[in-house]
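> Contents of model_0.cif (mmCIF, C-alpha atoms and all ligand atoms) are given next:
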data_target
loop_
_atom_site.label_atom_id
_atom_site.label_comp_id
_atom_site.auth_asym_id
_atom_site.auth_seq_id
_atom_site.Cartn_x
_atom_site.Cartn_y
_atom_site.Cartn_z
CA MET N 1 22.06 61.36 162.52
CA ASN N 2 21.37 57.95 163.92
CA TYR N 3 21.76 55.65 160.92
CA LYS N 4 19.63 52.62 161.38
CA ILE N 5 21.04 49.52 159.69
CA SER N 6 18.61 46.76 158.85
CA GLN N 7 18.74 43.76 161.13
CA LYS N 8 19.76 41.46 158.30
CA ALA N 9 22.58 43.72 157.11
CA ALA N 10 23.78 44.35 160.64
CA SER N 11 24.03 40.62 161.30
CA LEU N 12 26.62 40.19 158.52
CA SER N 13 30.35 40.36 158.99
CA PRO N 14 32.46 41.17 155.93
CA SER N 15 34.17 38.29 154.14
CA LEU N 16 37.27 37.35 156.14
CA THR N 17 39.04 35.86 153.14
CA LEU N 18 38.73 39.11 151.21
CA ALA N 19 39.79 41.06 154.32
CA ILE N 20 42.95 39.00 154.85
CA ASP N 21 43.86 39.21 151.19
CA ALA N 22 43.40 42.99 151.33
CA LYS N 23 45.57 43.26 154.48
CA ALA N 24 48.37 41.18 152.90
CA LYS N 25 48.24 43.28 149.72
CA GLN N 26 48.39 46.47 151.81
CA MET N 27 51.42 45.21 153.78
CA LYS N 28 53.09 44.35 150.46
CA ALA N 29 52.33 47.83 149.11
CA GLU N 30 54.04 49.27 152.20
CA GLY N 31 57.17 47.37 151.17
CA GLN N 32 56.84 44.46 153.61
CA ASP N 33 57.94 41.03 152.42
CA VAL N 34 54.62 39.22 152.81
CA VAL N 35 53.93 35.71 151.53
CA GLY N 36 50.23 35.51 150.64
CA PHE N 37 48.46 32.18 151.04
CA GLY N 38 45.14 33.93 151.39
CA ALA N 39 44.17 34.36 147.76
CA GLY N 40 41.07 32.63 146.52
CA GLU N 41 42.02 33.21 142.91
CA PRO N 42 44.41 31.80 140.30
CA ASP N 43 47.78 33.56 140.00
CA PHE N 44 47.69 33.01 136.22
CA ASP N 45 46.51 35.66 133.77
CA THR N 46 43.31 35.34 131.73
CA PRO N 47 44.24 33.61 128.42
CA GLN N 48 44.92 36.14 125.66
CA HIS N 49 42.20 35.04 123.22
CA ILE N 50 39.57 35.71 125.91
CA LYS N 51 40.88 39.22 126.52
CA ASP N 52 41.00 39.81 122.78
CA ALA N 53 37.35 38.84 122.37
CA ALA N 54 36.25 41.26 125.10
CA ALA N 55 38.49 44.03 123.76
CA ALA N 56 37.09 43.53 120.25
CA ALA N 57 33.52 43.69 121.61
CA LEU N 58 34.34 46.90 123.47
CA ALA N 59 35.95 48.43 120.38
CA ALA N 60 32.92 47.46 118.30
CA GLY N 61 30.61 49.31 120.68
CA PHE N 62 29.10 46.30 122.42
CA THR N 63 28.55 48.50 125.45
CA LYS N 64 24.81 48.58 126.03
CA TYR N 65 22.32 46.61 128.12
CA THR N 66 21.93 42.98 127.18
CA PRO N 67 19.05 40.68 128.16
CA SER N 68 19.23 40.49 131.95
CA SER N 69 19.96 36.76 131.98
CA GLY N 70 22.75 37.01 129.42
CA ILE N 71 23.30 37.21 125.68
CA PRO N 72 21.81 34.25 123.75
CA GLU N 73 25.25 33.37 122.39
CA LEU N 74 26.68 32.90 125.89
CA ARG N 75 23.67 31.00 127.22
CA GLN N 76 24.02 28.66 124.23
CA ALA N 77 27.77 28.27 124.86
CA ILE N 78 26.99 27.35 128.48
CA ALA N 79 24.32 24.84 127.42
CA ASP N 80 26.90 23.35 125.01
CA LYS N 81 29.44 23.13 127.83
CA PHE N 82 27.02 21.16 130.03
CA LYS N 83 26.30 18.79 127.14
CA ARG N 84 29.98 18.32 126.27
CA ASP N 85 31.45 18.06 129.78
CA ASN N 86 28.61 16.63 131.86
CA GLY N 87 26.22 14.97 129.41
CA LEU N 88 23.45 17.28 130.64
CA THR N 89 20.82 18.75 128.33
CA TYR N 90 19.70 22.24 129.29
CA LYS N 91 17.71 24.67 127.18
CA PRO N 92 19.28 28.14 127.04
CA SER N 93 16.17 29.35 128.91
CA GLN N 94 17.31 27.28 131.91
CA ILE N 95 20.65 29.09 132.03
CA ILE N 96 21.17 32.42 133.81
CA VAL N 97 24.36 34.42 133.42
CA SER N 98 25.18 36.39 136.58
CA CYS N 99 27.82 38.77 137.93
CA GLY N 100 30.05 35.96 139.25
CA GLY N 101 29.45 32.52 140.69
CA LYS N 102 28.90 34.16 144.07
CA HIS N 103 26.02 36.12 142.61
CA SER N 104 24.62 32.91 141.12
CA CYS N 105 24.64 31.30 144.59
CA PHE N 106 22.89 34.33 146.03
CA ASN N 107 20.22 34.19 143.32
CA VAL N 108 19.57 30.48 143.89
CA ILE N 109 19.23 30.88 147.65
CA PHE N 110 17.02 33.95 147.29
CA ALA N 111 14.77 32.30 144.73
CA THR N 112 14.24 29.12 146.76
CA CYS N 113 14.51 29.93 150.49
CA GLN N 114 12.56 32.05 152.94
CA GLU N 115 11.69 32.43 156.64
CA GLY N 116 11.10 29.05 158.24
CA ASP N 117 13.19 27.13 155.71
CA GLU N 118 16.34 25.20 156.52
CA VAL N 119 19.41 24.79 154.34
CA VAL N 120 21.84 21.94 155.01
CA ILE N 121 25.47 22.98 154.60
CA PRO N 122 28.45 20.67 155.21
CA SER N 123 31.31 22.31 157.09
CA PRO N 124 34.03 23.38 156.44
CA TYR N 125 31.95 25.49 154.05
CA TRP N 126 32.59 28.33 151.63
CA LEU N 127 32.08 31.24 153.98
CA SER N 128 29.40 33.03 151.99
CA TYR N 129 26.82 30.20 152.00
CA PRO N 130 25.53 30.55 155.58
CA GLU N 131 25.52 34.36 155.34
CA MET N 132 23.45 34.22 152.16
CA VAL N 133 21.03 31.76 153.74
CA LYS N 134 20.58 34.07 156.74
CA LEU N 135 20.04 37.07 154.46
CA ALA N 136 17.22 35.14 152.81
CA GLY N 137 15.69 34.68 156.28
CA ALA N 138 16.31 30.91 156.32
CA LYS N 139 18.33 28.88 158.79
CA PRO N 140 21.68 27.24 157.98
CA VAL N 141 21.95 23.71 159.38
CA ILE N 142 25.64 22.91 159.56
CA LEU N 143 26.95 19.34 159.21
CA ALA N 144 30.41 19.11 160.73
CA THR N 145 33.07 16.99 159.06
CA SER N 146 36.77 16.59 159.83
CA ASP N 147 40.07 15.58 158.26
CA GLN N 148 39.34 12.04 159.53
CA THR N 149 36.75 11.67 156.73
CA GLU N 150 38.56 13.91 154.22
CA PHE N 151 35.96 16.56 155.06
CA LYS N 152 33.09 14.64 153.45
CA VAL N 153 29.59 14.25 154.90
CA THR N 154 28.16 10.74 155.04
CA PRO N 155 24.71 9.79 153.73
CA GLY N 156 23.71 9.03 157.33
CA GLN N 157 24.62 12.55 158.43
CA LEU N 158 22.64 14.11 155.58
CA ARG N 159 19.59 11.92 156.19
CA ALA N 160 19.55 12.79 159.89
CA ALA N 161 19.74 16.51 159.16
CA ILE N 162 16.78 16.66 156.79
CA THR N 163 13.48 17.81 158.27
CA PRO N 164 10.16 18.79 156.64
CA ARG N 165 11.53 22.35 156.61
CA THR N 166 14.67 21.51 154.58
CA ARG N 167 14.62 23.32 151.25
CA LEU N 168 18.15 23.05 150.01
CA PHE N 169 21.31 20.98 150.39
CA ILE N 170 24.50 22.79 149.36
CA LEU N 171 27.16 20.61 147.80
CA ASN N 172 30.56 21.99 146.79
CA SER N 173 32.87 19.43 145.19
CA PRO N 174 35.76 20.04 144.66
CA SER N 175 35.58 22.09 147.82
CA ASN N 176 36.74 25.49 148.86
CA PRO N 177 38.31 25.51 151.52
CA THR N 178 39.39 21.87 151.86
CA GLY N 179 40.10 20.73 148.29
CA SER N 180 38.18 17.53 148.97
CA LEU N 181 36.33 15.79 146.16
CA TYR N 182 33.44 13.33 146.46
CA ASN N 183 33.72 10.29 144.21
CA ARG N 184 30.91 9.07 141.96
CA ASP N 185 29.35 6.69 144.52
CA GLU N 186 29.49 9.24 147.32
CA ILE N 187 27.83 11.95 145.22
CA LYS N 188 25.14 9.55 144.06
CA ALA N 189 24.36 8.45 147.62
CA LEU N 190 23.85 12.07 148.72
CA GLY N 191 21.82 12.84 145.60
CA ASP N 192 19.62 9.77 146.16
CA ILE N 193 18.66 11.00 149.63
CA CYS N 194 17.73 14.46 148.32
CA VAL N 195 15.61 12.92 145.57
CA GLU N 196 13.89 10.62 148.06
CA LYS N 197 13.18 13.48 150.47
CA GLY N 198 12.28 16.07 147.84
CA VAL N 199 15.13 18.39 148.78
CA LEU N 200 16.77 20.63 146.16
CA ILE N 201 20.53 20.48 145.72
CA MET N 202 22.58 23.57 144.97
CA SER N 203 25.69 22.05 143.45
CA ASP N 204 28.55 24.55 143.29
CA GLU N 205 30.81 23.10 140.59
CA ILE N 206 33.09 26.08 140.04
CA TYR N 207 36.23 23.95 140.62
CA GLU N 208 35.10 21.24 138.19
CA LYS N 209 38.19 21.54 136.00
CA LEU N 210 40.69 21.63 138.84
CA VAL N 211 41.09 17.97 139.85
CA TYR N 212 44.31 15.99 140.28
CA ASP N 213 45.75 12.48 140.05
CA GLY N 214 43.29 11.46 137.35
CA ALA N 215 40.31 11.96 139.68
CA GLU N 216 36.98 12.76 138.03
CA HIS N 217 34.42 15.42 138.79
CA VAL N 218 30.85 14.11 138.58
CA SER N 219 27.81 16.35 138.61
CA VAL N 220 25.02 15.16 140.88
CA ALA N 221 22.57 16.20 138.16
CA SER N 222 23.90 13.48 135.85
CA PHE N 223 22.66 10.29 137.59
CA SER N 224 19.00 10.24 136.50
CA PRO N 225 16.19 12.52 135.34
CA ALA N 226 15.09 12.75 139.00
CA HIS N 227 18.56 13.89 140.09
CA PHE N 228 18.55 16.38 137.23
CA GLU N 229 15.20 17.81 138.35
CA HIS N 230 16.38 18.21 141.93
CA THR N 231 19.62 19.99 141.07
CA ILE N 232 20.62 23.58 140.43
CA ILE N 233 24.20 23.85 139.21
CA VAL N 234 26.19 26.95 140.06
CA HIS N 235 29.28 27.56 137.99
CA GLY N 236 31.48 30.34 136.68
CA LEU N 237 34.48 31.39 134.65
CA ALA N 238 36.58 32.69 137.55
CA LYS N 239 38.63 29.65 138.48
CA ALA N 240 39.16 27.64 135.28
CA TYR N 241 39.90 30.71 133.13
CA ALA N 242 41.47 33.02 135.74
CA MET N 243 38.66 35.55 135.29
CA THR N 244 37.88 36.48 138.92
CA GLY N 245 37.79 40.21 138.22
CA TRP N 246 35.50 39.86 135.20
CA ARG N 247 32.54 38.99 137.42
CA LEU N 248 31.01 36.31 135.25
CA GLY N 249 29.16 33.31 136.62
CA TYR N 250 26.22 31.18 135.62
CA LEU N 251 23.67 28.68 136.83
CA ALA N 252 21.52 25.98 135.31
CA ALA N 253 18.17 25.27 136.93
CA PRO N 254 14.74 23.74 136.39
CA GLU N 255 12.66 26.14 134.29
CA PRO N 256 10.44 27.63 137.07
CA ILE N 257 13.47 28.41 139.22
CA ALA N 258 15.36 29.93 136.28
CA LYS N 259 12.33 32.11 135.59
CA ALA N 260 12.17 33.31 139.20
CA ILE N 261 15.89 34.11 139.14
CA ASP N 262 15.51 35.97 135.86
CA ALA N 263 12.92 38.18 137.56
CA ILE N 264 15.11 38.78 140.63
CA GLN N 265 18.08 39.66 138.47
CA SER N 266 16.05 41.92 136.20
CA HIS N 267 15.20 44.05 139.27
CA SER N 268 18.61 44.02 140.92
CA THR N 269 21.80 43.83 138.89
CA SER N 270 20.38 43.42 135.37
CA ASN N 271 22.89 41.86 133.00
CA ALA N 272 26.52 40.94 133.65
CA THR N 273 28.86 43.35 131.83
CA SER N 274 28.16 43.21 128.09
CA PHE N 275 31.71 42.88 126.73
CA ALA N 276 32.74 40.54 129.56
CA GLN N 277 30.02 38.19 128.29
CA LYS N 278 31.71 38.15 124.87
CA GLY N 279 34.90 37.12 126.66
CA GLY N 280 32.88 34.36 128.31
CA VAL N 281 31.79 33.04 124.92
CA ALA N 282 35.43 32.93 123.80
CA ALA N 283 36.42 31.16 127.02
CA LEU N 284 33.82 28.38 126.71
CA ASN N 285 33.94 27.90 122.93
CA GLY N 286 37.66 28.52 122.41
CA PRO N 287 40.79 26.41 122.99
CA GLN N 288 41.15 24.86 126.46
CA ASP N 289 44.88 24.17 126.16
CA HIS N 290 45.83 26.47 129.04
CA LEU N 291 44.18 24.02 131.47
CA PRO N 292 46.63 21.08 131.37
CA VAL N 293 49.48 23.56 131.77
CA TRP N 294 47.91 25.20 134.83
CA LEU N 295 46.89 21.85 136.28
CA ALA N 296 50.43 20.49 136.02
CA GLU N 297 51.71 23.57 137.83
CA TYR N 298 49.03 23.37 140.56
CA ALA N 299 49.70 19.65 141.00
CA LYS N 300 53.42 20.29 141.52
CA ARG N 301 52.72 22.96 144.13
CA ARG N 302 50.12 20.84 145.87
CA SER N 303 52.49 17.88 146.25
CA PHE N 304 55.27 20.06 147.54
CA ALA N 305 53.05 21.94 149.99
CA HIS N 306 51.32 18.81 151.22
CA GLN N 307 54.63 17.08 151.99
CA ARG N 308 56.22 20.19 153.49
CA LEU N 309 53.23 20.84 155.77
CA ASN N 310 53.29 17.28 157.10
CA ARG N 311 56.99 17.62 157.94
CA ILE N 312 56.20 20.43 160.38
CA PRO N 313 55.87 18.95 163.89
CA GLY N 314 52.34 19.59 165.18
CA VAL N 315 50.79 20.09 161.73
CA SER N 316 48.89 17.42 159.84
CA CYS N 317 47.34 17.81 156.45
CA VAL N 318 45.23 15.51 154.29
CA ASN N 319 45.98 15.81 150.60
CA ALA N 320 43.50 17.65 148.43
CA LYS N 321 42.04 16.11 145.29
CA GLY N 322 40.84 19.34 143.74
CA ALA N 323 40.67 23.17 143.75
CA PHE N 324 43.85 24.98 144.89
CA TYR N 325 43.68 24.79 148.66
CA LEU N 326 45.09 22.70 151.48
CA PHE N 327 43.46 22.71 154.90
CA PRO N 328 46.04 21.67 157.51
CA ASN N 329 45.07 20.84 161.08
CA ILE N 330 46.81 23.20 163.52
CA SER N 331 44.84 22.33 166.65
CA SER N 332 47.86 20.85 168.46
CA PHE N 333 49.19 24.36 169.11
CA GLY N 334 46.29 25.22 171.39
CA LEU N 335 45.50 28.54 169.72
CA SER N 336 42.29 29.60 168.05
CA SER N 337 42.73 29.69 164.29
CA THR N 338 42.21 33.46 164.39
CA ASP N 339 45.05 33.96 166.91
CA PHE N 340 47.26 31.50 165.04
CA CYS N 341 46.84 33.31 161.72
CA ALA N 342 47.06 36.80 163.24
CA GLN N 343 50.36 35.94 164.98
CA LEU N 344 51.67 34.22 161.86
CA LEU N 345 51.03 37.34 159.81
CA GLU N 346 52.44 39.62 162.49
CA GLN N 347 55.59 37.65 163.29
CA GLU N 348 56.45 35.87 160.04
CA LYS N 349 54.58 37.90 157.42
CA VAL N 350 52.64 34.92 156.13
CA ALA N 351 48.96 35.47 155.29
CA ALA N 352 46.58 32.52 155.56
CA VAL N 353 42.90 32.31 156.38
CA PRO N 354 41.82 31.00 159.80
CA GLY N 355 39.63 27.91 159.59
CA ILE N 356 36.96 29.53 161.74
CA ALA N 357 35.99 31.62 158.69
CA PHE N 358 34.83 28.32 157.17
CA GLY N 359 33.29 27.00 160.38
CA ALA N 360 36.30 24.88 161.45
CA ASP N 361 38.56 26.38 164.11
CA GLN N 362 41.13 23.54 164.20
CA TYR N 363 42.44 24.38 160.74
CA MET N 364 43.82 27.07 158.47
CA ARG N 365 43.44 27.47 154.72
CA ILE N 366 46.53 27.61 152.53
CA SER N 367 45.98 28.63 148.92
CA TYR N 368 48.67 27.33 146.58
CA ALA N 369 47.62 29.63 143.77
CA THR N 370 51.02 31.28 144.14
CA SER N 371 54.50 30.44 142.88
CA LEU N 372 56.46 27.42 144.10
CA ALA N 373 59.18 29.80 145.33
CA ASN N 374 56.60 31.65 147.43
CA ILE N 375 55.20 28.40 148.78
CA GLU N 376 58.68 27.26 149.79
CA LYS N 377 59.46 30.55 151.50
CA GLY N 378 56.08 30.80 153.22
CA LEU N 379 56.09 27.24 154.53
CA ASP N 380 59.67 27.64 155.84
CA ARG N 381 58.40 30.62 157.78
CA LEU N 382 55.38 28.67 159.00
CA ALA N 383 57.73 25.90 160.18
CA LYS N 384 59.79 28.43 162.13
CA PHE N 385 56.63 29.94 163.65
CA CYS N 386 55.36 26.52 164.70
CA ALA N 387 58.74 25.54 166.20
CA ASN N 388 58.68 28.70 168.32
CA LEU N 389 55.14 27.93 169.51
CA LYS N 390 56.26 24.47 170.63
CA LYS N 391 59.14 25.86 172.75
C1 LIG J 1 35.39 31.38 143.79
C2 LIG J 1 34.16 30.66 144.19
C3 LIG J 1 32.89 30.95 143.65
C4 LIG J 1 32.59 32.04 142.65
O1 LIG J 1 33.43 33.08 142.56
P1 LIG J 1 33.07 34.31 141.58
O2 LIG J 1 34.32 35.09 141.59
O3 LIG J 1 31.92 35.02 142.20
O4 LIG J 1 32.73 33.75 140.25
C5 LIG J 1 31.82 30.18 144.01
N1 LIG J 1 31.95 29.18 144.89
C6 LIG J 1 33.13 28.87 145.44
C7 LIG J 1 33.18 27.73 146.38
C8 LIG J 1 34.27 29.60 145.12
O5 LIG J 1 35.44 29.30 145.71
#
Show me, as structure tokens, the structure contained in the file I just sent.

Amino acid sequence: MNYKISQKAASLSPSLTLAIDAKAKQMKAEGQDVVGFGAGEPDFDTPQHIKDAAAAALAAGFTKYTPSSGIPELRQAIADKFKRDNGLTYKPSQIIVSCGGKHSCFNVIFATCQEGDEVVIPSPYWLSYPEMVKLAGAKPVILATSDQTEFKVTPGQLRAAITPRTRLFILNSPSNPTGSLYNRDEIKALGDICVEKGVLIMSDEIYEKLVYDGAEHVSVASFSPAHFEHTIIVHGLAKAYAMTGWRLGYLAAPEPIAKAIDAIQSHSTSNATSFAQKGGVAALNGPQDHLPVWLAEYAKRRSFAHQRLNRIPGVSCVNAKGAFYLFPNISSFGLSSTDFCAQLLEQEKVAAVPGIAFGADQYMRISYATSLANIEKGLDRLAKFCANLKK
């Protein structure tokens, strides 16, 4: 049988971050002493009261279909969160609960983009954005940035990239993979251009709560009613509540877009898991006191890793202001990021994601969502690997 794969599906390559994480976990299972810097998820456990709420819902038989865009209680809790944290007023009908933030991104891109459209994406980018844009038949327009500008696009760059075909600008602050964070003025300047040009912004704010050194996260939707109308916020429970496996994300959009996404979702996944949604309600409405504890721990690891990386001859690393990643420059070694990371895993049993996965071959991504002891061990090994390369 000659299985014919659709052109769109055949053009995809599987997520490299998930692949590297799987390889590291497999090596560990075989008894190898691997240090994993590949993970894109918190190493903390989901807070107990959230688990309890889901377990209670399961025990009570809350196991049937829910409305495809989420239970009213959760959509209200999300609307309350936007009011409380961002000063944004959404009706529950503008909120869609999805099977993870990734699914929310997919829904937004599918509902707004088609053949002939262009989507502006700053690089380094979260690796799924361009693939999703291509699946929708639209064209990713990549704006390159570097560590020289802390991986931020300038208003001039954005303006020059916008054409009459531009549908969407994807903003991800704090950023995966770089950890960079736009400040209030920078976000406003980018938002102003999108408003002026009539371009929608998909603002992926999943790392909102993970910012350091007193820095603030600002939503681009919050500057004016016009900014609000041009913005779709993508968010989720995965990062701030360590709920990656629960598959629970959400978005907030202008009414017509929310309606279109509701229709798409009603014919594809239907609702996110019923009892997981009850956990989501507990997460958003319940105590948030795990966050300062986690943040203090992340901040400690980030400082250590940032300093240790910069002490390795040939490596330079700007400090991150958010998320749980560092994105050191390894270009002085003259290897592609793929070769660098493959040899590092092979020779020193350290798993990290090559920058090329995020559109930036001069770098690698280090996740510090792992213990300080692991970070110390892994970066010592990286230092040894780099010293050998320099010989
Ligand atoms: C983790 C992540 C998401 C969403 O992850 P889910 O597990 O699907 O909720 C979205 N955007 C970015 C940039 C992420 O790193």
> Grab me every residue within 10 Å of ligand LIG 1 (chain J), counting all atoms listed in the file, and send it over as a PyMOL selection string.
chain N and resi 40-42+98-106+125-129+171-177+203-207+234-239+242-250+323-325
> Just the residues within 7 Å of Thr17 of chain N, please, counting all atoms listed in the file, with nothing from its chain fewer than 4 positions along; format it as a list of chain:residue names.
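Listing them by chain and then by number gives N:Asp21, N:Gly38, N:Val353.
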> What does the distance between atom CA of Val141 of chain N and atom CA of Thr163 of chain N come to in Å, to one decimal place?
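That distance, rounded to one decimal, is 10.4 Å.
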> Find, counting only C-alpha atoms, the residue in N:Ser68, N:Thr231, N:Thr370, N:Thr178 that gets nearest to Ser146 of chain N.
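Smallest separation from Ser146 of chain N among the options: N:Thr178.
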> Measuring atom to atom with all atoms listed in the file, identify which of N:Ile261, N:Ile121, N:Ile187, N:Asn285 is nearest to Arg84 of chain N.
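Closest candidate: N:Asn285.
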> Figure out the distance between atom CA of Pro130 of chain N and atom CA of Pro14 of chain N, please, to one decimal in Å.
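Distance reported for this atom pair: 12.7 Å.
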> Provide the atom CA of Pro254 of chain N to atom CA of Asp117 of chain N distance in Å, to one decimal place.
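Distance reported for this atom pair: 19.7 Å.
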> Might you pull out every residue within 10 Å of His227 of chain N, with only C-alpha atoms counted and same-chain residues fewer than 2 positions away left off, and present them as a list of chain:residue names?
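Result of the neighbour search: N:Lys188, N:Gly191, N:Asp192, N:Ile193, N:Cys194, N:Val195, N:Glu196, N:Leu200, N:Ile201, N:Ser219, N:Val220, N:Ala221, N:Ser222, N:Phe223, N:Ser224, N:Pro225, N:Glu229, N:His230, N:Thr231, N:Ile232.
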> Is there a way to get, as JSON, numbers by chain, all residues within 12 Å of the point (38.3, 40.6, 156.6) in file coordinates, counting all atoms listed in the file?
{"N": [12, 13, 14, 15, 16, 17, 18, 19, 20, 21, 22, 23, 24, 38, 127, 338, 342, 351, 352, 353, 354, 357]}
> Select, from N:Gln48, N:Lys8, N:Ala258, N:Gly179, the residue with the minimum atom-to-atom distance to Gly286 of chain N, counting all atoms listed in the file.
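Once distances to Gly286 of chain N are computed over all atoms listed in the file, the minimum belongs to N:Gln48.
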> Pick the closest to Leu382 of chain N from N:Gly36, N:Ala29, N:Leu284, N:Ala60: which is it, counting only C-alpha atoms?
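Ranking N:Gly36, N:Ala29, N:Leu284, N:Ala60 by distance to Leu382 of chain N, first place goes to N:Gly36.
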> Rank N:Ala320, N:Ile233, N:Leu88, N:Val34 by their smallest atom-to-atom distance to Ile257 of chain N, using all atoms listed in the file, and report the top residue only.
N:Ile233
